[in-house]
Each structure stands twice: as structure tokens, then as C-alpha cells.
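Novice: Okay, so here is protein-v9.csv, and as you'll see once you scroll down, it has CSV, C-alpha atoms and all ligand atoms.
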```csv
chain,number,residue,atom,x,y,z
A,125,MET,CA,128.7,160.1,-95.6
A,126,PRO,CA,128.1,162.3,-98.7
A,127,LEU,CA,131.4,163.7,-100.0
A,128,CYS,CA,130.0,165.3,-103.2
A,129,GLN,CA,128.2,168.3,-101.8
A,130,ARG,CA,129.2,169.3,-98.3
A,131,ALA,CA,128.5,172.4,-96.3
A,132,GLU,CA,131.3,174.3,-98.0
A,133,SER,CA,132.9,172.0,-100.5
A,134,SER,CA,131.7,170.4,-103.8
A,135,CYS,CA,133.1,168.0,-106.3
A,136,GLY,CA,132.5,167.1,-109.9
A,137,ALA,CA,135.4,164.7,-110.6
A,138,CYS,CA,133.3,161.6,-111.5
A,139,CYS,CA,131.4,163.7,-114.1
A,140,GLY,CA,134.7,164.0,-116.0
A,141,LEU,CA,135.8,167.5,-114.8
A,142,TYR,CA,139.5,166.8,-114.8
A,143,ASN,CA,139.5,164.3,-117.7
A,144,ARG,CA,141.3,166.5,-120.2
A,145,ALA,CA,144.9,167.4,-121.2
A,146,ASP,CA,144.5,171.0,-119.9
A,147,HIS,CA,143.0,170.5,-116.5
A,148,SER,CA,144.4,173.7,-115.0
A,149,ARG,CA,142.3,175.7,-112.7
A,150,GLU,CA,141.9,178.5,-115.3
A,151,ALA,CA,140.8,176.1,-118.0
A,152,LEU,CA,138.2,174.4,-115.9
A,153,GLN,CA,136.9,177.7,-114.7
A,154,GLU,CA,136.3,178.7,-118.3
A,155,LEU,CA,134.8,175.4,-119.1
A,156,LEU,CA,132.3,175.5,-116.2
A,157,ASP,CA,131.4,179.1,-117.0
A,158,ARG,CA,130.7,178.2,-120.6
A,159,ARG,CA,128.6,175.2,-119.7
A,160,THR,CA,126.7,177.0,-117.0
A,161,ASP,CA,125.8,179.9,-119.3
A,162,ARG,CA,124.6,177.5,-122.1
A,163,VAL,CA,122.6,175.2,-119.9
A,164,ARG,CA,121.0,178.0,-117.9
A,165,ALA,CA,119.8,179.5,-121.2
A,166,ALA,CA,118.2,176.3,-122.2
A,167,PRO,CA,114.5,175.5,-121.7
A,168,ARG,CA,114.1,173.2,-118.7
A,169,THR,CA,112.9,170.3,-120.8
A,170,ALA,CA,114.5,167.1,-122.0
A,171,ALA,CA,114.7,168.5,-125.5
A,172,GLY,CA,116.2,171.8,-124.3
A,173,PHE,CA,118.9,170.1,-122.2
A,174,ALA,CA,119.6,167.5,-125.0
A,175,GLU,CA,120.2,170.4,-127.4
A,176,ALA,CA,122.4,172.3,-124.9
A,177,ALA,CA,124.4,169.1,-124.2
A,178,ALA,CA,124.9,168.5,-128.0
A,179,ASP,CA,126.0,172.1,-128.5
A,180,LEU,CA,128.5,171.9,-125.8
A,181,ALA,CA,129.8,168.5,-127.1
A,182,ARG,CA,130.2,170.1,-130.5
A,183,GLN,CA,132.4,172.8,-129.0
A,184,GLY,CA,134.7,170.1,-127.8
A,185,ASP,CA,136.4,169.8,-124.5
A,186,GLY,CA,139.8,168.7,-125.8
A,187,GLU,CA,141.2,165.2,-125.8
A,188,PRO,CA,140.2,163.2,-122.7
A,189,LEU,CA,143.1,162.0,-120.6
A,190,PHE,CA,141.3,158.7,-119.9
A,191,PRO,CA,139.2,157.8,-123.0
A,192,THR,CA,137.2,155.3,-121.0
A,193,VAL,CA,135.9,158.0,-118.6
A,194,ARG,CA,133.0,160.0,-119.9
A,195,ILE,CA,132.9,163.8,-119.8
A,196,CYS,CA,129.4,165.2,-119.0
A,197,PRO,CA,128.5,168.7,-120.4
A,198,LEU,CA,125.8,169.2,-117.8
A,199,LEU,CA,128.3,169.7,-114.9
A,200,GLY,CA,128.5,173.4,-114.1
A,201,TRP,CA,128.2,176.0,-111.4
A,202,LEU,CA,125.2,175.7,-109.0
A,203,ASP,CA,125.5,179.1,-107.3
A,204,GLU,CA,125.6,182.7,-108.5
A,205,SER,CA,129.0,183.3,-107.1
A,206,ARG,CA,130.3,180.3,-109.0
A,207,THR,CA,132.0,178.5,-106.1
A,208,ARG,CA,129.9,175.4,-106.0
A,209,VAL,CA,130.3,172.8,-108.8
A,210,GLY,CA,127.5,170.3,-109.4
A,211,CYS,CA,124.9,168.8,-111.7
A,212,LEU,CA,122.8,171.3,-113.6
A,213,ALA,CA,120.3,168.6,-114.5
A,214,HIS,CA,119.6,167.4,-110.9
A,215,PRO,CA,116.0,167.8,-109.9
A,216,ALA,CA,117.0,169.9,-106.9
A,217,VAL,CA,118.6,172.3,-109.3
A,218,CYS,CA,116.3,172.5,-112.3
A,219,GLY,CA,113.0,171.3,-110.8
A,220,GLN,CA,112.9,168.0,-112.7
A,221,ASP,CA,115.3,165.2,-113.4
A,222,LEU,CA,117.0,165.9,-116.7
A,223,ARG,CA,120.1,163.8,-116.0
A,224,ASP,CA,119.2,161.4,-118.8
A,225,GLN,CA,120.5,164.1,-121.2
A,226,GLY,CA,124.0,163.9,-119.7
A,227,ALA,CA,126.8,161.5,-120.3
A,228,TYR,CA,125.2,158.6,-118.4
A,229,ASP,CA,121.6,158.3,-117.3
A,230,ALA,CA,119.7,159.4,-114.2
A,231,GLY,CA,119.8,156.0,-112.6
A,232,ILE,CA,123.6,155.8,-112.8
A,233,CYS,CA,124.0,159.4,-111.7
A,234,GLU,CA,121.7,158.9,-108.7
A,235,THR,CA,123.4,155.8,-107.4
A,236,PHE,CA,127.1,156.2,-108.2
A,237,LEU,CA,129.5,156.8,-105.4
A,238,CYS,CA,133.3,156.9,-105.9
A,239,PRO,CA,135.6,154.6,-103.9
A,240,SER,CA,136.5,157.5,-101.5
A,241,HIS,CA,133.1,157.0,-99.9
A,242,GLY,CA,134.1,153.5,-98.8
A,243,HIS,CA,137.5,154.4,-97.6
A,244,PHE,CA,137.5,157.8,-95.9
A,245,SER,CA,136.4,157.9,-92.3
A,246,VAL,CA,134.1,160.7,-91.3
A,247,GLU,CA,136.9,162.5,-89.6
A,248,GLU,CA,139.2,162.2,-92.6
A,249,ALA,CA,136.5,163.6,-94.9
A,250,ASP,CA,135.9,166.5,-92.5
A,251,LEU,CA,139.6,167.2,-92.5
A,252,VAL,CA,139.7,167.4,-96.3
A,253,GLY,CA,136.6,169.6,-96.3
A,254,ALA,CA,138.1,171.9,-93.6
A,255,VAL,CA,141.4,172.3,-95.5
A,256,CYS,CA,139.9,172.8,-99.0
A,257,GLY,CA,136.9,174.8,-97.9
A,258,ALA,CA,134.9,176.4,-100.7
A,259,ASP,CA,137.5,175.6,-103.4
A,260,PRO,CA,136.0,172.9,-105.6
A,261,TYR,CA,139.1,172.7,-107.7
A,262,LEU,CA,141.4,171.6,-104.8
A,263,TYR,CA,138.6,169.7,-103.0
A,264,GLY,CA,137.8,167.5,-106.1
A,265,LEU,CA,141.5,166.7,-106.5
A,266,THR,CA,142.1,165.6,-102.9
A,267,VAL,CA,138.8,164.1,-101.9
A,268,THR,CA,139.2,161.5,-104.7
A,269,ASP,CA,142.7,160.5,-103.7
A,270,VAL,CA,142.6,158.7,-100.4
A,271,ASP,CA,146.2,157.5,-100.6
A,272,PHE,CA,147.4,161.1,-101.1
A,273,VAL,CA,145.5,162.5,-98.2
A,274,ARG,CA,146.5,159.7,-95.8
A,275,ALA,CA,150.1,159.8,-96.9
A,276,CYS,CA,150.2,163.6,-96.3
A,277,LEU,CA,148.5,163.3,-92.9
A,278,ARG,CA,150.8,160.5,-91.9
A,279,ALA,CA,153.9,162.4,-92.9
A,280,VAL,CA,152.8,165.5,-90.9
A,281,ALA,CA,151.9,163.3,-87.9
A,282,GLN,CA,155.3,161.7,-87.9
A,283,LEU,CA,157.1,165.0,-88.1
A,284,CYS,CA,154.9,166.7,-85.5
A,285,GLY,CA,154.7,163.8,-83.1
A,286,ASP,CA,150.9,164.0,-83.0
A,287,GLU,CA,148.0,162.8,-85.2
A,288,VAL,CA,146.4,165.6,-87.2
A,289,ARG,CA,142.9,166.2,-85.6
A,290,ALA,CA,140.1,168.6,-86.4
A,291,ARG,CA,141.1,170.8,-83.4
A,292,HIS,CA,144.4,171.4,-85.0
A,293,LEU,CA,142.7,172.8,-88.1
A,294,ALA,CA,141.1,175.5,-86.0
A,295,HIS,CA,144.5,177.0,-85.9
A,296,ALA,CA,144.5,179.1,-89.2
A,297,PRO,CA,148.3,179.0,-89.9
A,298,PHE,CA,148.3,175.2,-89.6
A,299,ARG,CA,145.3,174.9,-91.8
A,300,ALA,CA,146.9,177.1,-94.4
A,301,ALA,CA,150.1,175.1,-94.3
A,302,LEU,CA,148.2,171.9,-94.8
A,303,ARG,CA,146.4,173.5,-97.7
A,304,ARG,CA,149.8,174.4,-99.3
A,305,LEU,CA,150.7,170.7,-98.9
A,306,PHE,CA,147.6,169.6,-100.6
A,307,GLN,CA,148.1,172.2,-103.4
A,308,LEU,CA,151.0,170.1,-104.6
A,309,LYS,CA,148.2,168.5,-106.7
A,310,GLU,CA,147.7,171.8,-108.5
A,311,GLU,CA,151.3,172.5,-109.4
A,312,LEU,CA,152.2,169.6,-111.8
A,313,ALA,CA,153.7,170.2,-115.1
A,314,PRO,CA,151.1,171.3,-117.8
A,315,GLY,CA,149.4,168.2,-119.2
A,316,SER,CA,150.6,165.9,-116.4
A,317,ASP,CA,148.3,163.1,-115.5
A,318,GLY,CA,149.5,163.0,-111.9
A,319,LEU,CA,146.4,164.6,-110.4
A,320,TYR,CA,144.6,161.3,-111.0
A,321,GLY,CA,146.5,159.7,-108.1
A,322,ALA,CA,149.0,156.9,-108.0
A,323,PHE,CA,148.0,155.6,-111.4
A,324,ARG,CA,148.2,156.7,-115.0
A,325,PRO,CA,146.4,155.7,-118.3
A,326,GLY,CA,147.5,152.4,-119.7
A,327,VAL,CA,147.6,151.7,-123.5
A,328,ASP,CA,143.9,150.8,-123.4
A,329,GLY,CA,143.0,153.9,-121.4
A,330,GLU,CA,142.4,152.0,-118.2
A,331,PRO,CA,144.4,153.1,-115.1
A,332,VAL,CA,147.6,151.3,-114.3
A,333,ASP,CA,149.8,151.7,-111.2
A,334,ARG,CA,152.3,154.5,-111.3
A,335,GLN,CA,155.8,153.6,-110.2
A,336,ILE,CA,158.8,155.9,-109.9
A,337,ASP,CA,161.8,154.1,-111.5
A,338,TYR,CA,164.4,155.1,-108.9
A,339,GLN,CA,166.9,152.6,-110.3
A,340,ALA,CA,166.8,154.3,-113.7
A,341,LEU,CA,167.2,157.6,-112.0
A,342,ALA,CA,170.2,156.3,-110.0
A,343,ARG,CA,168.8,157.6,-106.7
A,344,PRO,CA,167.4,156.0,-103.6
A,345,ARG,CA,163.6,155.6,-103.1
A,346,SER,CA,162.2,158.7,-101.5
A,347,PRO,CA,160.8,158.4,-97.9
A,348,HIS,CA,157.8,160.1,-99.3
A,349,ASP,CA,157.4,157.8,-102.3
A,350,LEU,CA,153.6,157.5,-102.0
A,351,ILE,CA,153.0,161.2,-101.9
A,352,LEU,CA,155.3,161.7,-104.9
A,353,ARG,CA,153.5,158.9,-106.8
A,354,CYS,CA,150.1,160.4,-106.0
A,355,ILE,CA,151.1,163.8,-107.4
A,356,GLY,CA,152.7,162.2,-110.5
A,357,ALA,CA,156.2,163.2,-109.6
A,358,ASP,CA,157.5,160.7,-112.1
A,359,PRO,CA,159.7,162.3,-114.8
A,360,ARG,CA,157.9,160.1,-117.3
A,361,SER,CA,154.7,162.0,-116.6
A,362,GLY,CA,156.5,165.3,-117.4
A,363,ASN,CA,157.4,166.4,-113.8
A,364,ASP,CA,160.7,167.2,-112.2
A,365,LEU,CA,161.0,164.7,-109.4
A,366,ASP,CA,163.8,166.5,-107.5
A,367,ALA,CA,162.1,169.9,-107.7
A,368,ILE,CA,158.8,168.4,-106.4
A,369,GLU,CA,160.5,166.5,-103.7
A,370,GLU,CA,162.2,169.7,-102.5
A,371,THR,CA,159.0,171.6,-102.6
A,372,LEU,CA,157.3,168.7,-100.7
A,373,GLY,CA,160.0,168.9,-98.0
A,374,ARG,CA,159.4,172.7,-97.6
A,375,ARG,CA,155.6,172.3,-97.4
A,376,LEU,CA,156.0,169.6,-94.7
A,377,ASP,CA,158.4,171.9,-92.8
A,378,GLY,CA,155.8,174.6,-93.0
A,379,CYS,CA,153.2,172.2,-91.5
A,380,VAL,CA,155.6,171.4,-88.6
A,381,GLU,CA,156.3,175.1,-88.0
A,382,ALA,CA,152.6,176.0,-87.9
A,383,PHE,CA,151.5,172.9,-85.9
A,384,PRO,CA,149.7,174.2,-82.8
A,385,ALA,CA,151.4,173.6,-79.4
A,386,PRO,CA,150.0,170.5,-77.8
A,387,GLY,CA,147.2,171.1,-75.3
A,388,PRO,CA,146.6,169.1,-72.1
A,389,SER,CA,144.5,166.6,-74.0
A,390,ALA,CA,147.1,165.8,-76.6
A,391,ARG,CA,147.7,162.1,-77.2
A,392,PRO,CA,150.9,160.5,-78.3
A,393,ALA,CA,151.3,160.0,-82.1
A,394,PRO,CA,149.7,156.8,-83.2
A,395,TYR,CA,152.5,156.1,-85.8
A,396,PRO,CA,156.0,154.9,-85.2
A,397,PRO,CA,158.5,157.8,-85.5
A,398,ALA,CA,160.6,156.1,-88.3
A,399,PRO,CA,161.0,154.9,-90.8
A,400,TYR,CA,158.1,156.3,-92.8
A,401,PRO,CA,156.0,153.1,-93.5
A,402,GLU,CA,154.6,152.8,-97.1
B,501,LIG,S1,134.1,161.9,-107.5
B,501,LIG,FE1,133.2,161.0,-105.6
B,501,LIG,S2,133.0,162.8,-104.2
B,501,LIG,FE2,133.3,163.6,-106.3
B,501,LIG,S3,131.2,164.0,-107.1
B,501,LIG,FE3,131.9,161.9,-107.7
B,501,LIG,S4,131.1,160.5,-106.2
B,501,LIG,FE4,131.1,162.6,-105.3
B,502,LIG,S1,124.0,164.4,-115.6
B,502,LIG,FE1,125.1,162.9,-114.3
B,502,LIG,S2,127.2,162.8,-115.2
B,502,LIG,FE2,126.2,164.7,-115.9
B,502,LIG,S3,126.7,166.3,-114.4
B,502,LIG,FE3,124.8,165.4,-113.8
B,502,LIG,S4,125.4,163.8,-112.3
B,502,LIG,FE4,127.2,164.3,-113.5
```
Translate the structure of the given file into C-alpha cells.
Specialist:
Amino acid sequence: MPLCQRAESSCGACCGLYNRADHSREALQELLDRRTDRVRAAPRTAAGFAEAAADLARQGDGEPLFPTVRICPLLGWLDESRTRVGCLAHPAVCGQDLRDQGAYDAGICETFLCPSHGHFSVEEADLVGAVCGADPYLYGLTVTDVDFVRACLRAVAQLCGDEVRARHLAHAPFRAALRRLFQLKEELAPGSDGLYGAFRPGVDGEPVDRQIDYQALARPRSPHDLILRCIGADPRSGNDLDAIEETLGRRLDGCVEAFPAPGPSARPAPYPPAPYPE
């Protein structure tokens, strides 16, 4: 089940796309524009791509959030309308395999699959693709965070009394409401590392589990703790926990309001109604 390039959606997360302090949509758009222009102007040779990669590296991408994760300068836009992100050095893109000039080598690039490939079911992956559509920024953030997607779908299912299915996404208002829920990933405080899921960089740059210290905050654990951890709603990561939890509640309400009326084939919800199990 390929998650990287789907009919509509595309992802560049493992090539280091989000691995920088400013990983806002606008900053990444500018970065991908700049790389695409430089790499497309290069001769389609190993020397040409090596020079383009070196040029882009000299321009600097800012400090990586995770120093142990490489940032490849050969990730850019594959299409003229600049909605599909991908490898500019892939043989299907430039006619020959020039991935050795990137941050890894062609063998690693060819064989690497992120953990989402081993965890998402086909139906879950289709749901993520249908919700994010041709938006590589949101798709890359969500398709790499299995816990976040599952926690969101579980919360919606519990509130709506029915498991979220592909047929529900055919209802545009519900699809839009679910997209607003997923977009919590985009609305973190500037510089927040929450978009990397329920972990944060440790002292050695390796990921460590993120926990919200409710005791220190003198408040009970949220029923949506996993979603909050996945979006980095920990005050220590620079986010306002109360504000994000309130927004999360409103987005979930929006999903309930937009959930299509059950049809004759609707099945009972597969999850217990309460409490929210995490
Ligand atoms: S992070 Fe996963 S889905 Fe995204 S491009 Fe890499 S392997 Fe593919
Ligand atoms: S060369 Fe490898 S790391 Fe660089 S963009 Fe292509 S696939 Fe990603």
C-alpha cells in the first residue's frame, strides 16, 4: 500500500520536509519553490544535481528540529501547478536515477518505508487521502501520525455512534469537518515541535515520548489526551493547552453536526460509548 504518492495526495516527510524550526505552510512552500527552481535549472547529470544540492545546502534551511534526521535538498514540486511534492531526482521524474546526490543514496531512498505503511489499514489510508486531498502539507502531517488519525477517528466515532467509513466522506460537509479536525496539526504555536506526533526531540536529538504533566498544571487528564499529545498541546512545547482543548472540542462538535444521517446499512459503533479508551 503506497502512502507516498497516491492518486491525489503526496508526502515528503521522510525527506526532511518538516524538520526545521519554521515549518509553517508558507515557509515550506517557499522552500519547495526555491528548490524546484534550482534543481530544474540544473543539467540532468550527477554533477549537475550535486552542484544544485550543494548550492541549496549553502543557502541553508534553518536549524533542524531533529538533528539526527537528514534534510534533502532534492525534494520539490513534481507538477507545474505545484501541488504534488516528491523527489526531483527520481528516475520517473528526471529520466535517470540521481538520488545518490541527495541526503541519502538511491538504495536507501528506493527501499525506505515509514512505519505508517506497517500500521495503517488500506481503509484508514484511504480515509486520510480523502480528507487531505491534494494538500501535501496537511497530508504529510497526518499520514505520518497513525496515533493522531486513529485517536481522531475514534473520538468522532464515539460521539457519532458509528465508525467513520469511506461512505461518510462522500458527504462534503462531514469531510470538511474532519479536515478541520486534522488541521489542528497546522495551528500549533510557531516553532512548536508538536507536528511530529506524540514525541519530541530528546537531549541527543532522538525522539522521546511526549507527556502532558497534568499534575503540574493542577488539572485532570483530558479525555482526549492522546490527540492533545499528538498535536503537541503541551505548554512546554509552547502551546496553550486550554485553548487547543477548547478548539478540539469545537472541531469534534463540528464533526458530529455534519455526520451524515445513518442509512439502512449503518452498523452499530464498534467502540464502547464511554469512557474514551486511551
Ligand atoms: S514519510 Fe512515509 S508516506 Fe511520507 S514519503 Fe516518507 S515513506 Fe512515504
Ligand atoms: S533523493 Fe532521496 S531523500 Fe532526497 S528527495 Fe529524493 S527520495 Fe527524498
Novice: Which of these, A:Asp203, A:Glu187, A:Asp364, A:Asp229, has the shortest distance to ligand LIG 502 (chain B) once you count all atoms listed in the file?
Specialist: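 Going through A:Asp203, A:Glu187, A:Asp364, A:Asp229 one by one, the smallest distance to ligand LIG 502 (chain B) is for A:Asp229.
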Novice: Which residues come within 8 Å of range 288-300 of chain A, counting all atoms listed in the file, excluding same-chain residues fewer than 3 positions away, as a list in words?
Specialist: Glu247, Asp250, Leu251, Ala254, Val255, Leu277, Val280, Ala281, Arg303, Arg304, Cys379, Ala382, Phe383 and Pro384 of chain A
Novice: Determine, for each residue of chain A having at least one atom at most 8 Å from an atom of ligand LIG 502 (chain B), the closest pair of atoms and their separation in Å to one decimal, counting all atoms listed in the file; order by chain and ascending number, as JSON lines.
Specialist:
```
{"residue": "A:Gly136", "atom": "CA", "partner": "B:LIG502", "partner_atom": "FE4", "distance": 7.0}
{"residue": "A:Cys138", "atom": "CA", "partner": "B:LIG502", "partner_atom": "FE4", "distance": 7.0}
{"residue": "A:Cys139", "atom": "CA", "partner": "B:LIG502", "partner_atom": "FE4", "distance": 4.3}
{"residue": "A:Gly140", "atom": "CA", "partner": "B:LIG502", "partner_atom": "S2", "distance": 7.6}
{"residue": "A:Arg194", "atom": "CA", "partner": "B:LIG502", "partner_atom": "S2", "distance": 8.0}
{"residue": "A:Ile195", "atom": "CA", "partner": "B:LIG502", "partner_atom": "S2", "distance": 7.4}
{"residue": "A:Cys196", "atom": "CA", "partner": "B:LIG502", "partner_atom": "FE2", "distance": 4.5}
{"residue": "A:Pro197", "atom": "CA", "partner": "B:LIG502", "partner_atom": "FE2", "distance": 6.4}
{"residue": "A:Leu198", "atom": "CA", "partner": "B:LIG502", "partner_atom": "S3", "distance": 4.6}
{"residue": "A:Leu199", "atom": "CA", "partner": "B:LIG502", "partner_atom": "S3", "distance": 3.8}
{"residue": "A:Gly200", "atom": "CA", "partner": "B:LIG502", "partner_atom": "S3", "distance": 7.3}
{"residue": "A:Gly210", "atom": "CA", "partner": "B:LIG502", "partner_atom": "S3", "distance": 6.5}
{"residue": "A:Cys211", "atom": "CA", "partner": "B:LIG502", "partner_atom": "FE3", "distance": 4.0}
{"residue": "A:Leu212", "atom": "CA", "partner": "B:LIG502", "partner_atom": "FE3", "distance": 6.2}
{"residue": "A:Ala213", "atom": "CA", "partner": "B:LIG502", "partner_atom": "FE3", "distance": 5.6}
{"residue": "A:His214", "atom": "CA", "partner": "B:LIG502", "partner_atom": "FE3", "distance": 6.3}
{"residue": "A:Leu222", "atom": "CA", "partner": "B:LIG502", "partner_atom": "S1", "distance": 7.2}
{"residue": "A:Arg223", "atom": "CA", "partner": "B:LIG502", "partner_atom": "S1", "distance": 4.0}
{"residue": "A:Asp224", "atom": "CA", "partner": "B:LIG502", "partner_atom": "S1", "distance": 6.5}
{"residue": "A:Gln225", "atom": "CA", "partner": "B:LIG502", "partner_atom": "S1", "distance": 6.6}
{"residue": "A:Gly226", "atom": "CA", "partner": "B:LIG502", "partner_atom": "S1", "distance": 4.1}
{"residue": "A:Ala227", "atom": "CA", "partner": "B:LIG502", "partner_atom": "S2", "distance": 5.3}
{"residue": "A:Tyr228", "atom": "CA", "partner": "B:LIG502", "partner_atom": "S2", "distance": 5.6}
{"residue": "A:Asp229", "atom": "CA", "partner": "B:LIG502", "partner_atom": "FE1", "distance": 6.5}
{"residue": "A:Ala230", "atom": "CA", "partner": "B:LIG502", "partner_atom": "FE1", "distance": 6.4}
{"residue": "A:Ile232", "atom": "CA", "partner": "B:LIG502", "partner_atom": "FE1", "distance": 7.4}
{"residue": "A:Cys233", "atom": "CA", "partner": "B:LIG502", "partner_atom": "FE1", "distance": 4.5}
{"residue": "A:Glu234", "atom": "CA", "partner": "B:LIG502", "partner_atom": "S4", "distance": 7.1}
```
Novice: Which of these, A:Thr160, A:Gln129, A:Gln183, A:Ser134, has the shortest distance to Glu204 in chain A once you count only C-alpha atoms?
Specialist: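 Of the candidates, the smallest distance to Glu204 in chain A is held by A:Thr160.
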Novice: Could you name the residues that touch Ala249 in chain A at 12 Å or less, counting only C-alpha atoms, but leaving out those on the same chain fewer than 6 positions away, as a compact mmCIF listing (two decimals) with C-alpha atoms, in the frame of the given file?
Specialist:
```
# COMPACT_ATOMS: atom_id res chain seq x y z
CA MET A 125 128.70 160.10 -95.60
CA PRO A 126 128.10 162.30 -98.70
CA LEU A 127 131.40 163.70 -100.00
CA CYS A 128 130.00 165.30 -103.20
CA GLN A 129 128.20 168.30 -101.80
CA ARG A 130 129.20 169.30 -98.30
CA ALA A 131 128.50 172.40 -96.30
CA SER A 133 132.90 172.00 -100.50
CA SER A 240 136.50 157.50 -101.50
CA HIS A 241 133.10 157.00 -99.90
CA GLY A 242 134.10 153.50 -98.80
CA HIS A 243 137.50 154.40 -97.60
CA VAL A 255 141.40 172.30 -95.50
CA CYS A 256 139.90 172.80 -99.00
CA GLY A 257 136.90 174.80 -97.90
CA TYR A 263 138.60 169.70 -103.00
CA GLY A 264 137.80 167.50 -106.10
CA THR A 266 142.10 165.60 -102.90
CA VAL A 267 138.80 164.10 -101.90
CA THR A 268 139.20 161.50 -104.70
CA ASP A 269 142.70 160.50 -103.70
CA VAL A 270 142.60 158.70 -100.40
CA VAL A 273 145.50 162.50 -98.20
CA ARG A 274 146.50 159.70 -95.80
CA ARG A 289 142.90 166.20 -85.60
CA ALA A 290 140.10 168.60 -86.40
```
Novice: Would you mind telling me which residue in A:Gly253, A:Arg206, A:Asn363, A:Ala279 lies nearest to ligand LIG 501 (chain B) when using all atoms listed in the file?
Specialist: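 Counting all atoms listed in the file, the residue closest to ligand LIG 501 (chain B) is A:Gly253.
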Novice: To one decimal place, how far is atom S4 of ligand LIG 501 (chain B) from CA of Val163 in chain A in Å?
Specialist: 21.8 Å
Novice: Please determine, counting only C-alpha atoms and all ligand atoms, which residue among A:Ala151, A:Leu265, A:Ala275, A:Asp259 has the shortest atom-to-atom distance to ligand LIG 501 (chain B).
Specialist: A:Leu265
Novice: Quick check, in Å to one decimal: how far apart do CA of Gly184 in chain A and CA of Lys309 in chain A lie?
Specialist: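 Separating CA of Gly184 in chain A from CA of Lys309 in chain A is a distance of 25.1 Å.
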Novice: Compare A:Leu312, A:Val252, A:Ala258, A:Leu237 by their minimum atom-to-atom distance to ligand LIG 501 (chain B), counting all atoms listed in the file, and give me the closest one.
Specialist: A:Leu237
Novice: Report the distance between CA of Gly356 in chain A and CA of Ala181 in chain A in Å, rounded to one decimal place.
Specialist: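 Atom-to-atom, CA of Gly356 in chain A and CA of Ala181 in chain A are spaced 29.0 Å apart.
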Novice: Which one is closest to ligand LIG 501 (chain B): A:Arg353, A:His348, A:Arg343, A:Arg208? Count all atoms listed in the file.
Specialist: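 When distances to ligand LIG 501 (chain B) are compared using all atoms listed in the file, the smallest one comes from A:Arg208.
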